[in-house]
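Source file: structure_19.txt (compact mmCIF, C-alpha atoms)
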# COMPACT_ATOMS: atom_id res chain seq x y z
CA MET S 199 62.61 -42.76 38.55
CA ASN S 200 63.17 -40.17 35.82
CA PHE S 201 61.98 -42.72 33.21
CA VAL S 202 58.80 -43.45 35.22
CA PHE S 203 58.07 -39.71 35.53
CA ARG S 204 58.53 -39.21 31.77
CA PHE S 205 56.30 -42.22 31.00
CA PHE S 206 53.46 -40.93 33.15
CA SER S 207 53.79 -37.40 31.75
CA LEU S 208 53.51 -38.71 28.19
CA ALA S 209 50.59 -40.91 29.17
CA VAL S 210 48.71 -37.91 30.67
CA ILE S 211 49.36 -35.74 27.57
CA ALA S 212 48.29 -38.53 25.22
CA GLY S 213 45.16 -39.16 27.28
CA GLY S 214 44.31 -35.45 27.16
CA LEU S 215 44.70 -35.31 23.39
CA ILE S 216 42.56 -38.40 22.88
CA SER S 217 39.74 -36.92 25.00
CA CYS S 218 39.73 -33.72 22.89
CA ASN S 219 37.85 -35.21 19.93
CA TYR S 220 34.36 -33.93 18.98
CA THR S 221 31.43 -34.95 16.84
CA ARG S 222 30.65 -32.78 13.83
CA LEU S 223 26.92 -32.15 13.39
CA LYS S 224 25.67 -33.47 10.10
CA GLU S 225 24.23 -30.83 7.79
CA PRO S 226 20.96 -31.93 6.20
CA THR S 227 21.58 -30.33 2.84
CA GLY S 228 25.04 -31.64 2.14
CA SER S 229 28.48 -30.21 2.46
CA GLY S 230 29.20 -26.61 1.57
CA VAL S 231 25.77 -25.41 2.67
CA GLN S 232 25.76 -22.46 5.01
CA ASN S 233 24.72 -23.02 8.59
CA PHE S 234 22.16 -20.38 9.51
CA GLY S 235 22.70 -20.77 13.24
CA ASP S 236 21.68 -23.18 15.94
CA LEU S 237 18.74 -23.10 18.29
CA LYS S 238 18.80 -22.49 21.98
CA PRO S 239 17.29 -25.36 24.00
CA GLU S 240 14.26 -23.28 25.00
CA GLU S 241 13.62 -22.37 21.35
CA LYS S 242 13.59 -26.06 20.48
CA LEU S 243 10.96 -26.63 23.12
CA SER S 244 8.60 -23.78 22.49
CA MET S 245 9.16 -22.23 19.05
CA MET S 246 9.73 -25.01 16.59
CA ASN S 247 6.14 -25.49 15.53
CA TYR S 248 4.04 -24.49 12.53
CA SER S 249 1.95 -21.94 14.41
CA PHE S 250 4.98 -19.94 15.55
CA ILE S 251 6.86 -20.13 12.24
CA ASN S 252 3.67 -19.33 10.35
CA SER S 253 2.84 -16.23 12.38
CA LYS S 254 6.41 -14.95 12.59
CA ILE S 255 7.74 -15.72 9.13
CA LEU S 256 5.41 -17.39 6.66
CA GLN S 257 2.42 -15.06 7.02
CA PRO S 258 4.31 -11.77 6.97
CA LYS S 259 6.94 -12.70 4.41
CA CYS S 260 5.47 -15.40 2.17
CA VAL S 261 1.69 -15.71 2.30
CA SER S 262 1.06 -12.14 1.20
CA CYS S 263 2.10 -13.35 -2.29
CA HIS S 264 1.77 -17.10 -1.93
CA GLY S 265 -1.86 -16.96 -0.85
CA SER S 266 -4.64 -19.16 -2.14
CA SER S 267 -4.74 -17.17 -5.37
CA GLY S 268 -1.03 -17.63 -6.08
CA ASP S 269 0.63 -20.41 -8.09
CA VAL S 270 2.38 -21.85 -5.03
CA SER S 271 0.05 -21.60 -2.07
CA LEU S 272 1.73 -21.49 1.34
CA GLU S 273 -1.41 -20.85 3.32
CA SER S 274 -1.79 -24.21 5.06
CA TYR S 275 0.47 -26.58 6.92
CA ASP S 276 -0.08 -29.29 4.32
CA SER S 277 0.86 -27.00 1.46
CA ILE S 278 3.98 -25.90 3.35
CA LYS S 279 4.98 -29.52 3.94
CA SER S 280 4.53 -30.45 0.31
CA ASN S 281 6.64 -27.44 -0.78
CA LEU S 282 9.41 -27.77 1.79
CA SER S 283 12.14 -28.59 -0.68
CA LYS S 284 11.09 -25.68 -2.92
CA ILE S 285 11.11 -23.32 0.03
CA GLN S 286 14.51 -24.56 1.13
CA GLU S 287 15.91 -24.13 -2.33
CA ALA S 288 14.42 -20.69 -2.99
CA VAL S 289 15.25 -19.22 0.41
CA PHE S 290 18.51 -20.84 1.41
CA THR S 291 20.18 -22.18 -1.72
CA GLU S 292 19.22 -19.70 -4.44
CA GLY S 293 18.20 -16.78 -2.23
CA THR S 294 15.45 -15.81 -4.64
CA MET S 295 12.68 -15.63 -2.03
CA PRO S 296 11.05 -13.68 -0.50
CA LYS S 297 10.90 -11.22 -3.36
CA ARG S 298 9.52 -8.50 -1.11
CA GLY S 299 11.36 -7.93 2.14
CA ALA S 300 14.26 -10.34 2.62
CA LEU S 301 14.31 -12.53 5.73
CA THR S 302 16.41 -11.27 8.60
CA SER S 303 19.22 -13.53 9.78
CA GLU S 304 17.10 -14.33 12.84
CA GLU S 305 14.14 -15.35 10.66
CA LYS S 306 16.45 -17.44 8.47
CA ARG S 307 17.87 -19.15 11.53
CA LEU S 308 14.42 -20.08 12.83
CA LEU S 309 13.01 -21.20 9.50
CA TRP S 310 16.13 -23.15 8.59
CA ASN S 311 16.09 -25.02 11.90
CA TRP S 312 12.36 -25.68 11.69
CA ILE S 313 12.81 -27.21 8.24
CA ARG S 314 15.85 -29.13 9.47
CA MET S 315 13.70 -30.61 12.22
CA GLY S 316 11.21 -31.89 9.62
CA ALA S 317 8.87 -28.88 9.88
CA PRO S 318 6.96 -30.14 12.91
CA MET S 319 3.34 -29.13 13.40
CA GLN S 320 3.70 -29.11 17.19
CA SER S 321 6.70 -28.29 19.32
CA SER S 322 7.62 -30.57 22.17
CA LYS S 323 6.10 -28.00 24.49
CA PRO S 324 2.81 -26.27 23.51
CA PRO S 325 3.44 -22.78 22.06
CA PRO S 326 2.10 -19.73 23.84
CA GLU S 327 -1.45 -19.01 22.71
CA VAL S 328 -1.77 -16.43 19.92
CA GLU S 329 -4.01 -13.58 21.00
CA PRO S 330 -7.22 -13.44 18.95
CA MET S 331 -7.77 -10.35 16.82
CA ILE S 332 -9.94 -7.72 18.44
CA ALA S 333 -11.32 -4.35 17.29
CA THR S 334 -8.38 -2.16 18.28
CA TYR S 335 -5.81 -0.58 15.98
CA GLU S 336 -2.92 -2.39 17.67
CA SER S 337 -4.58 -5.77 17.22
CA ILE S 338 -5.56 -5.06 13.61
CA ARG S 339 -2.05 -3.85 12.91
CA SER S 340 -0.37 -6.98 14.26
CA HIS S 341 -2.86 -9.42 12.72
CA ILE S 342 -3.48 -7.79 9.34
CA ILE S 343 -1.58 -4.62 8.51
CA GLU S 344 1.89 -5.93 9.35
CA PRO S 345 1.60 -9.33 7.65
CA LYS S 346 -0.64 -8.30 4.74
CA CYS S 347 -0.01 -4.65 3.92
CA LEU S 348 3.37 -3.38 5.02
CA THR S 349 5.28 -5.24 2.33
CA CYS S 350 4.09 -2.44 0.01
CA HIS S 351 2.85 0.29 2.37
CA ASN S 352 6.24 1.15 3.83
CA PRO S 353 8.42 4.21 3.21
CA ALA S 354 10.41 2.41 0.48
CA GLY S 355 7.53 0.41 -0.97
CA GLU S 356 5.15 0.97 -3.87
CA GLY S 357 2.37 1.94 -1.51
CA ASN S 358 4.42 4.57 0.33
CA LYS S 359 1.95 7.33 -0.54
CA VAL S 360 -0.69 5.63 1.58
CA PRO S 361 0.71 5.16 5.08
CA LEU S 362 -1.31 2.81 7.26
CA ASP S 363 -0.41 4.04 10.72
CA ARG S 364 -3.50 5.06 12.69
CA GLN S 365 -3.01 8.82 12.26
CA GLY S 366 -2.21 8.36 8.58
CA LEU S 367 -5.46 6.49 8.09
CA LEU S 368 -7.42 9.18 9.90
CA ASP S 369 -5.73 12.12 8.12
CA SER S 370 -5.68 10.73 4.60
CA PRO S 371 -7.43 12.91 1.99
CA LEU S 372 -8.64 9.59 0.59
CA GLU S 373 -10.83 9.30 3.72
CA LEU S 374 -9.50 5.85 4.46
CA VAL S 375 -11.05 5.81 7.92
CA LEU S 376 -14.13 7.84 8.80
CA PRO S 377 -14.67 7.18 12.51
CA GLY S 378 -18.18 5.86 13.07
CA ASN S 379 -18.79 5.25 9.38
CA ALA S 380 -17.20 2.04 8.16
CA ASP S 381 -19.50 1.84 5.14
CA GLU S 382 -18.01 5.00 3.59
CA SER S 383 -14.44 4.51 4.79
CA GLY S 384 -11.99 4.06 1.94
CA LEU S 385 -10.19 1.26 3.75
CA ILE S 386 -13.31 -0.90 3.88
CA ILE S 387 -14.25 -0.05 0.29
CA ALA S 388 -10.75 -1.03 -0.86
CA LEU S 389 -10.88 -4.31 1.06
CA GLU S 390 -14.36 -5.29 -0.14
CA ARG S 391 -14.35 -4.19 -3.77
CA LYS S 392 -14.33 -6.91 -6.41
CA ASP S 393 -12.50 -5.12 -9.22
CA ASP S 394 -8.75 -4.78 -9.80
CA LYS S 395 -8.51 -1.96 -7.26
CA ARG S 396 -9.15 -4.36 -4.39
CA MET S 397 -6.60 -4.37 -1.61
CA PRO S 398 -4.48 -6.37 -1.09
CA PRO S 399 -4.11 -6.51 -4.89
CA ALA S 400 -5.11 -9.81 -6.48
CA LYS S 401 -3.07 -9.02 -9.60
CA GLU S 402 0.10 -9.35 -7.55
CA GLY S 403 -0.96 -12.64 -6.03
CA TYR S 404 -2.34 -11.34 -2.77
CA SER S 405 -5.41 -13.02 -1.37
CA ALA S 406 -8.36 -11.02 -0.09
CA LEU S 407 -8.92 -10.58 3.62
CA LYS S 408 -11.36 -12.99 5.17
CA PRO S 409 -14.86 -11.58 5.85
CA GLU S 410 -14.40 -12.05 9.60
CA GLN S 411 -11.19 -9.98 9.46
CA ILE S 412 -12.94 -7.18 7.55
CA GLN S 413 -15.78 -7.35 10.07
CA ILE S 414 -13.38 -6.61 12.93
CA ILE S 415 -11.92 -3.63 11.03
CA ARG S 416 -15.48 -2.41 10.47
CA GLU S 417 -16.16 -2.75 14.17
CA TRP S 418 -13.03 -0.75 15.02
CA ILE S 419 -14.05 2.07 12.65
CA ASN S 420 -17.67 2.10 13.80
CA ASN S 421 -16.51 2.27 17.41
CA GLY S 422 -14.63 5.49 16.67
CA ALA S 423 -11.32 4.15 15.32
CA ASN S 424 -9.51 4.83 18.59
CA MET Z 53 -10.33 46.86 31.68
CA LYS Z 54 -11.69 48.64 28.60
CA THR Z 55 -8.25 48.61 27.03
CA THR Z 56 -7.91 44.86 27.65
CA LEU Z 57 -11.30 44.19 26.11
CA LEU Z 58 -10.48 46.39 23.14
CA LEU Z 59 -7.17 44.64 22.54
CA THR Z 60 -8.86 41.24 22.82
CA ALA Z 61 -11.48 42.32 20.30
CA ILE Z 62 -8.81 43.55 17.90
CA LEU Z 63 -6.84 40.35 18.20
CA PHE Z 64 -9.96 38.22 17.71
CA GLY Z 65 -11.00 40.30 14.74
CA SER Z 66 -7.58 39.95 13.14
CA GLN Z 67 -7.73 36.16 13.57
CA LEU Z 68 -11.07 36.11 11.73
CA ALA Z 69 -9.74 38.37 9.02
CA PHE Z 70 -6.88 35.97 8.35
CA ALA Z 71 -9.07 32.84 8.52
CA HIS Z 72 -9.09 32.49 4.76
CA ASN Z 73 -7.56 29.48 3.14
CA ASP Z 74 -3.90 29.02 2.63
CA PRO Z 75 -3.74 26.13 0.16
CA THR Z 76 -0.95 23.77 1.10
CA ILE Z 77 -1.13 21.29 -1.77
CA SER Z 78 -1.03 21.78 -5.49
CA THR Z 79 -3.93 21.92 -7.90
CA ALA Z 80 -2.26 18.98 -9.66
CA LYS Z 81 -2.68 16.92 -6.50
CA ILE Z 82 -6.32 18.03 -6.25
CA THR Z 83 -6.85 16.69 -9.77
CA GLU Z 84 -5.60 13.26 -8.77
CA LEU Z 85 -7.73 13.41 -5.62
CA SER Z 86 -10.73 14.36 -7.77
CA ALA Z 87 -10.31 11.18 -9.79
CA HIS Z 88 -10.08 9.18 -6.55
CA ARG Z 89 -13.12 10.98 -5.13
CA ALA Z 90 -15.22 10.27 -8.21
CA ASP Z 91 -14.25 6.60 -7.94
CA ARG Z 92 -15.28 6.58 -4.26
CA LEU Z 93 -18.63 8.25 -4.93
CA ILE Z 94 -19.34 5.70 -7.65
CA ALA Z 95 -18.39 2.83 -5.32
CA LEU Z 96 -20.90 4.24 -2.84
CA GLY Z 97 -23.54 4.44 -5.57
CA LYS Z 98 -23.88 8.22 -5.22
CA ILE Z 99 -23.02 9.37 -8.75
CA ASP Z 100 -23.17 8.20 -12.34
CA GLY Z 101 -20.53 5.54 -13.13
CA ALA Z 102 -19.47 7.40 -16.27
CA PHE Z 103 -17.56 9.89 -14.11
CA VAL Z 104 -14.86 7.23 -13.98
CA THR Z 105 -15.44 5.03 -17.00
CA ARG Z 106 -15.81 7.93 -19.43
CA THR Z 107 -14.05 10.85 -17.78
CA GLU Z 108 -13.15 13.51 -20.29
CA ALA Z 109 -11.78 16.46 -18.33
CA ILE Z 110 -10.96 17.73 -14.87
CA GLU Z 111 -10.62 21.41 -14.14
CA VAL Z 112 -9.35 22.71 -10.80
CA THR Z 113 -9.42 26.18 -9.31
CA ALA Z 114 -8.10 27.47 -6.01
CA VAL Z 115 -10.87 29.25 -4.11
CA ALA Z 116 -9.94 32.56 -2.56
CA GLY Z 117 -12.98 32.75 -0.31
CA PRO Z 118 -13.25 31.97 3.38
CA ALA Z 119 -12.28 28.59 4.85
CA PRO Z 120 -12.88 25.72 4.71
CA VAL Z 121 -13.24 25.46 0.90
CA ALA Z 122 -9.80 25.82 -0.68
CA TYR Z 123 -10.25 24.13 -4.07
CA LYS Z 124 -13.06 23.39 -6.43
CA SER Z 125 -12.90 20.90 -9.28
CA ILE Z 126 -15.24 20.10 -12.12
CA VAL Z 127 -15.16 16.58 -13.55
CA SER Z 128 -16.70 16.11 -16.99
CA GLN Z 129 -17.48 12.90 -18.84
CA THR Z 130 -18.56 12.09 -22.34
CA GLN Z 131 -21.58 9.87 -21.96
CA PRO Z 132 -23.48 9.68 -18.69
CA GLN Z 133 -25.53 6.57 -18.11
CA SER Z 134 -28.55 8.82 -17.64
CA GLY Z 135 -28.14 10.16 -21.17
CA GLN Z 136 -28.16 13.85 -20.21
CA PRO Z 137 -24.87 15.81 -20.08
CA ILE Z 138 -23.83 16.25 -16.45
CA GLN Z 139 -20.76 17.38 -14.56
CA LEU Z 140 -19.48 16.71 -11.07
CA GLU Z 141 -18.44 19.56 -8.80
CA LEU Z 142 -16.15 18.67 -5.89
CA GLN Z 143 -14.94 20.88 -3.08
CA PHE Z 144 -11.79 20.24 -1.02
CA ASP Z 145 -10.19 21.86 2.01
CA HIS Z 146 -6.59 23.08 2.07
CA ASP Z 147 -5.33 19.56 2.94
CA GLY Z 148 -7.17 18.01 0.02
CA LYS Z 149 -9.90 16.46 2.14
CA PRO Z 150 -13.19 16.31 0.28
CA LEU Z 151 -15.89 18.58 1.65
CA SER Z 152 -18.84 18.17 -0.69
CA PHE Z 153 -19.99 17.04 -4.10
CA LYS Z 154 -22.72 18.22 -6.42
CA VAL Z 155 -23.91 16.85 -9.75
CA LEU Z 156 -24.60 19.69 -12.15
CA SER Z 157 -26.45 19.66 -15.39
CA GLY Z 158 -24.38 20.81 -18.33
CA GLY Z 159 -21.25 19.84 -20.15
CA THR Z 160 -21.25 18.15 -23.50
CA ALA Z 161 -22.03 14.59 -24.42
CA GLY Z 162 -19.25 13.31 -26.67
CA ALA Z 163 -18.28 9.98 -28.13
CA ASP Z 164 -17.75 6.93 -25.95
CA MET Z 165 -14.02 6.22 -26.10
CA MET Z 166 -14.54 2.61 -24.93
CA TRP Z 167 -11.49 2.71 -22.66
CA SER Z 168 -10.23 -0.78 -21.91
CA PRO Z 169 -8.72 -2.56 -20.04
CA LYS Z 170 -8.22 0.45 -17.75
CA ASN Z 171 -11.00 2.98 -17.49
CA ALA Z 172 -10.62 6.72 -18.09
CA GLY Z 173 -10.29 7.52 -14.39
CA GLU Z 174 -7.40 5.13 -13.96
CA LEU Z 175 -5.60 6.47 -17.04
CA ILE Z 176 -5.94 10.00 -15.66
CA GLU Z 177 -4.75 8.93 -12.20
CA ASN Z 178 -1.70 7.22 -13.65
CA GLY Z 179 -0.92 10.18 -15.89
CA MET Z 180 -1.17 12.54 -12.93
CA HIS Z 181 1.02 10.27 -10.82
CA TYR Z 182 3.80 11.07 -13.27
CA VAL Z 183 3.32 14.80 -12.72
CA LEU Z 184 3.20 14.38 -8.93
CA ASP Z 185 6.22 12.08 -8.81
CA ASN Z 186 8.31 14.37 -11.00
CA SER Z 187 7.27 17.74 -9.61
CA SER Z 188 10.87 18.85 -9.15
CA ASP Z 189 11.75 18.17 -12.79
CA ALA Z 190 12.19 21.46 -14.65
CA MET Z 191 9.88 20.44 -17.50
CA ILE Z 192 7.14 19.13 -15.20
CA ALA Z 193 7.32 21.65 -12.34
CA PRO Z 194 5.16 24.40 -13.90
CA TYR Z 195 2.44 21.88 -14.75
CA PHE Z 196 2.52 20.67 -11.15
CA LYS Z 197 2.50 24.15 -9.64
CA ASP Z 198 0.17 25.97 -12.01
CA PHE Z 199 -2.12 23.14 -13.14
CA THR Z 200 -5.52 24.30 -14.28
CA LYS Z 201 -7.05 21.58 -16.43
CA LEU Z 202 -6.57 18.20 -18.05
CA VAL Z 203 -8.35 16.55 -20.94
CA LEU Z 204 -8.20 12.85 -21.79
CA ILE Z 205 -8.46 11.90 -25.45
CA LYS Z 206 -7.67 8.80 -27.41
CA GLY Z 207 -4.46 9.14 -29.37
CA THR Z 208 -2.13 7.05 -31.47
CA LEU Z 209 1.56 6.71 -30.88
CA THR Z 210 3.73 4.64 -33.24
CA GLY Z 211 0.63 2.87 -34.49
CA LYS Z 212 -0.67 2.01 -31.05
CA ASP Z 213 -3.80 3.37 -29.32
CA VAL Z 214 -2.95 5.30 -26.18
CA GLY Z 215 -4.66 7.57 -23.71
CA LEU Z 216 -3.40 11.11 -24.13
CA VAL Z 217 -3.67 13.24 -21.00
CA GLN Z 218 -3.26 16.87 -22.02
CA VAL Z 219 -2.34 19.05 -19.07
CA THR Z 220 -2.77 22.82 -19.13
CA ALA Z 221 -0.94 25.14 -16.74
CA SER Z 222 -1.73 28.83 -16.23
CA SER Z 223 1.93 29.79 -16.61
CA GLN Z 224 2.54 27.80 -19.81
CA ALA Z 225 1.46 28.53 -23.38
CA LYS Z 226 1.88 24.89 -24.38
CA ARG Z 227 0.27 21.82 -22.92
CA LEU Z 228 2.04 18.84 -21.42
CA ASN Z 229 1.16 15.63 -23.23
CA ILE Z 230 1.25 12.48 -21.11
CA TYR Z 231 0.83 9.32 -23.15
CA VAL Z 232 -0.54 6.42 -21.12
CA ASN Z 233 -0.86 2.92 -22.56
CA LEU Z 234 -4.36 1.48 -22.42
CA ASP Z 235 -3.24 -0.93 -19.68
CA GLY Z 236 -2.44 2.09 -17.50
CA THR Z 237 1.34 2.02 -17.80
CA LEU Z 238 3.13 5.21 -18.72
CA ASN Z 239 4.29 5.46 -22.32
CA SER Z 240 5.98 8.85 -22.65
CA VAL Z 241 5.74 12.53 -21.76
CA ALA Z 242 6.44 15.63 -23.84
CA VAL Z 243 5.51 19.26 -24.06
CA GLU Z 244 3.42 19.75 -27.19
CA PRO Z 245 5.41 21.06 -30.14
As structure tokens, the full file:
Amino acid sequence: MNFVFRFFSLAVIAGGLISCNYTRLKEPTGSGVQNFGDLKPEEKLSMMNYSFINSKILQPKCVSCHGSSGDVSLESYDSIKSNLSKIQEAVFTEGTMPKRGALTSEEKRLLWNWIRMGAPMQSSKPPPEVEPMIATYESIRSHIIEPKCLTCHNPAGEGNKVPLDRQGLLDSPLELVLPGNADESGLIIALERKDDKRMPPAKEGYSALKPEQIQIIREWINNGAN
Amino acid sequence: MKTTLLLTAILFGSQLAFAHNDPTISTAKITELSAHRADRLIALGKIDGAFVTRTEAIEVTAVAGPAPVAYKSIVSQTQPQSGQPIQLELQFDHDGKPLSFKVLSGGTAGADMMWSPKNAGELIENGMHYVLDNSSDAMIAPYFKDFTKLVLIKGTLTGKDVGLVQVTASSQAKRLNIYVNLDGTLNSVAVEP
């Protein structure tokens, strides 16, 4: 009886140990490469698409330099796809990019997983629609100022003497925004000029704003810059 | 009632009496803003382009009169496109906001310095940025606080052409020499010997 009890006890323990195995996820970039964090199931469904990654990471952190006038353009999905290995190397292996404003660990996690998934254009579930830009400061800030300007115009950046918050624009002795008068507002003049004083600066690889974007800023100023 | 009215009148009168300007920024800053303002007026097609391409001097004075004018600056250039010597008068409030501009006849027509690749206005701006950024430095502070005038001339430094921004301060017998490379980068700064 004692032998039978011992046999069954050993069998149960052995069975438990055997069932405790697990499968190690394969890292796409080889052994020794850091894992930047996994995705939650809902992120896989709704956020792993070009539109989301582009608006959250690529536009604000990469395209301001890697615009159409830069050596390595990252402005379109195709150009991103063809430069995936370079991006992976520069951001995750060498850590040399972005030169201005490092990615947060959250941004790294999302970008790393998006690349790991083959940089899909669409997520398995359609992403939430991006709000179109309208002639309000908040909209202009989220669509243009944050992704295009704040890499320099921040308290620690080269453009710190020219703050781009709404009150800063209105109070600037450079008359950046003259409510009701877009034509003479310094902001519009800086965006539209063709020489090396254009903003964002071409000499540092930044591309110019699109005419339709400038038009919305004009509309905001002419409507009183509220 | 009469006493209340009298007191109100006295208080109101005293407010008016003290409504003169209390400049809050330096004349050095006004100089930089003058260069920016000239650039803006040219971009708007309102003044002769030579006020930026061939700027020669900027002189700033604090105005003691009633608000809102707190500063006046005179921008001179060597060769106006129109051919006749002209100067630009700018007025600013105590925050440095531009109030008005006027093109005056006068000044002297000098040689064209052919500034390139940066124009004279940009060389002056960059030279003044050094003064503004180093206003707490003991050597620079008086030129920031008591700035009265700058002149831009072409100079040579170790065999290389440079823009020499000579800054005069009311409290200093000697000028501050700011050497700016022709590409707009700062070369060096020294008080004249």
Two-atom distance - CA of Val289 (chain S), CA of Val328 (chain S) (Å):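 For CA of Val289 (chain S) relative to CA of Val328 (chain S), the distance reads 26.0 Å.
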Option closest in space to chain Z, from S:Asp381, S:Asp276, S:Asp269, S:Glu410 [counting all atoms listed in the file]: S:Asp381
Contact residues (chain S, partner chain Z, 12 Å, only C-alpha atoms) as a ChimeraX atom specification: /S:358-359,368-374,376,380-388,390-396
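Note that CA of Ile414 (chain S) and CA of Ala333 (chain S) are 5.3 Å apart.
CA of Lys197 (chain Z) is found 29.7 Å from CA of Gly162 (chain Z).
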For Met295 (chain S), the nearest of the candidates S:Lys401, S:His351, S:Lys259, S:Arg416, counting all atoms listed in the file: S:Lys259
Neighbour list for Leu256 (chain S) as a ChimeraX atom specification, cut-off 10 Å, only C-alpha atoms, skip fewer than 2 positions in-chain: /S:248-254,258-262,264,272-273,278,296,305,309,345
Contacts of Leu362 (chain S) within 9 Å, only C-alpha atoms, excl. fewer than 5 positions in-chain, as a PyMOL selection string: chain S and resi 339+343+347-348+351-352+367
Nearest to Gly215 (chain Z), chosen from Z:Leu156, Z:Ile176, Z:Val243, Z:Leu140, with all atoms listed in the file counted in the distances: Z:Ile176
Selection as a PyMOL selection string: residues within 12 Å of (-0.2, 7.5, -8.6), counting only C-alpha atoms: (chain S and resi 356-360) or (chain Z and resi 80-81+83-85+87-88+173-186+236-238)
Could you give me the axis-aligned bounding box of region 201-204 of chain Z, with 4 Å of padding per side, as centre plus edge lengths in Å to one decimal, as AutoDock Vina command-line options?
--center_x -7.5 --center_y 17.2 --center_z -19.1 --size_x 9.8 --size_y 16.7 --size_z 13.4
Start from the incomplete input, build N, CA and C atoms for region 290-301 of chain S, and deliver everything as a compact mmCIF listing (two decimals), in the frame of the given file.
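See result.txt below for the written result:
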# COMPACT_ATOMS: atom_id res chain seq x y z
N PHE S 290 17.16 -20.63 0.86
CA PHE S 290 18.51 -20.84 1.41
C PHE S 290 19.57 -21.15 0.36
N THR S 291 19.17 -21.82 -0.73
CA THR S 291 20.18 -22.18 -1.72
C THR S 291 20.32 -21.08 -2.77
N GLU S 292 19.15 -20.69 -3.35
CA GLU S 292 19.22 -19.70 -4.44
C GLU S 292 19.08 -18.28 -3.93
N GLY S 293 18.41 -18.13 -2.78
CA GLY S 293 18.20 -16.78 -2.23
C GLY S 293 17.27 -15.93 -3.07
N THR S 294 16.36 -16.57 -3.78
CA THR S 294 15.45 -15.81 -4.64
C THR S 294 14.15 -15.42 -3.95
N MET S 295 13.90 -15.95 -2.77
CA MET S 295 12.68 -15.63 -2.03
C MET S 295 13.06 -15.19 -0.62
N PRO S 296 12.24 -14.36 0.01
CA PRO S 296 11.05 -13.68 -0.50
C PRO S 296 11.46 -12.55 -1.44
N LYS S 297 10.58 -12.28 -2.41
CA LYS S 297 10.90 -11.22 -3.36
C LYS S 297 10.73 -9.86 -2.72
N ARG S 298 9.73 -9.78 -1.80
CA ARG S 298 9.52 -8.50 -1.11
C ARG S 298 9.97 -8.65 0.34
N GLY S 299 10.94 -7.91 0.74
CA GLY S 299 11.36 -7.93 2.14
C GLY S 299 12.12 -9.19 2.48
N ALA S 300 13.43 -9.16 2.34
CA ALA S 300 14.26 -10.34 2.62
C ALA S 300 14.13 -10.76 4.08
N LEU S 301 14.35 -12.05 4.36
CA LEU S 301 14.31 -12.53 5.73
C LEU S 301 15.51 -11.99 6.49
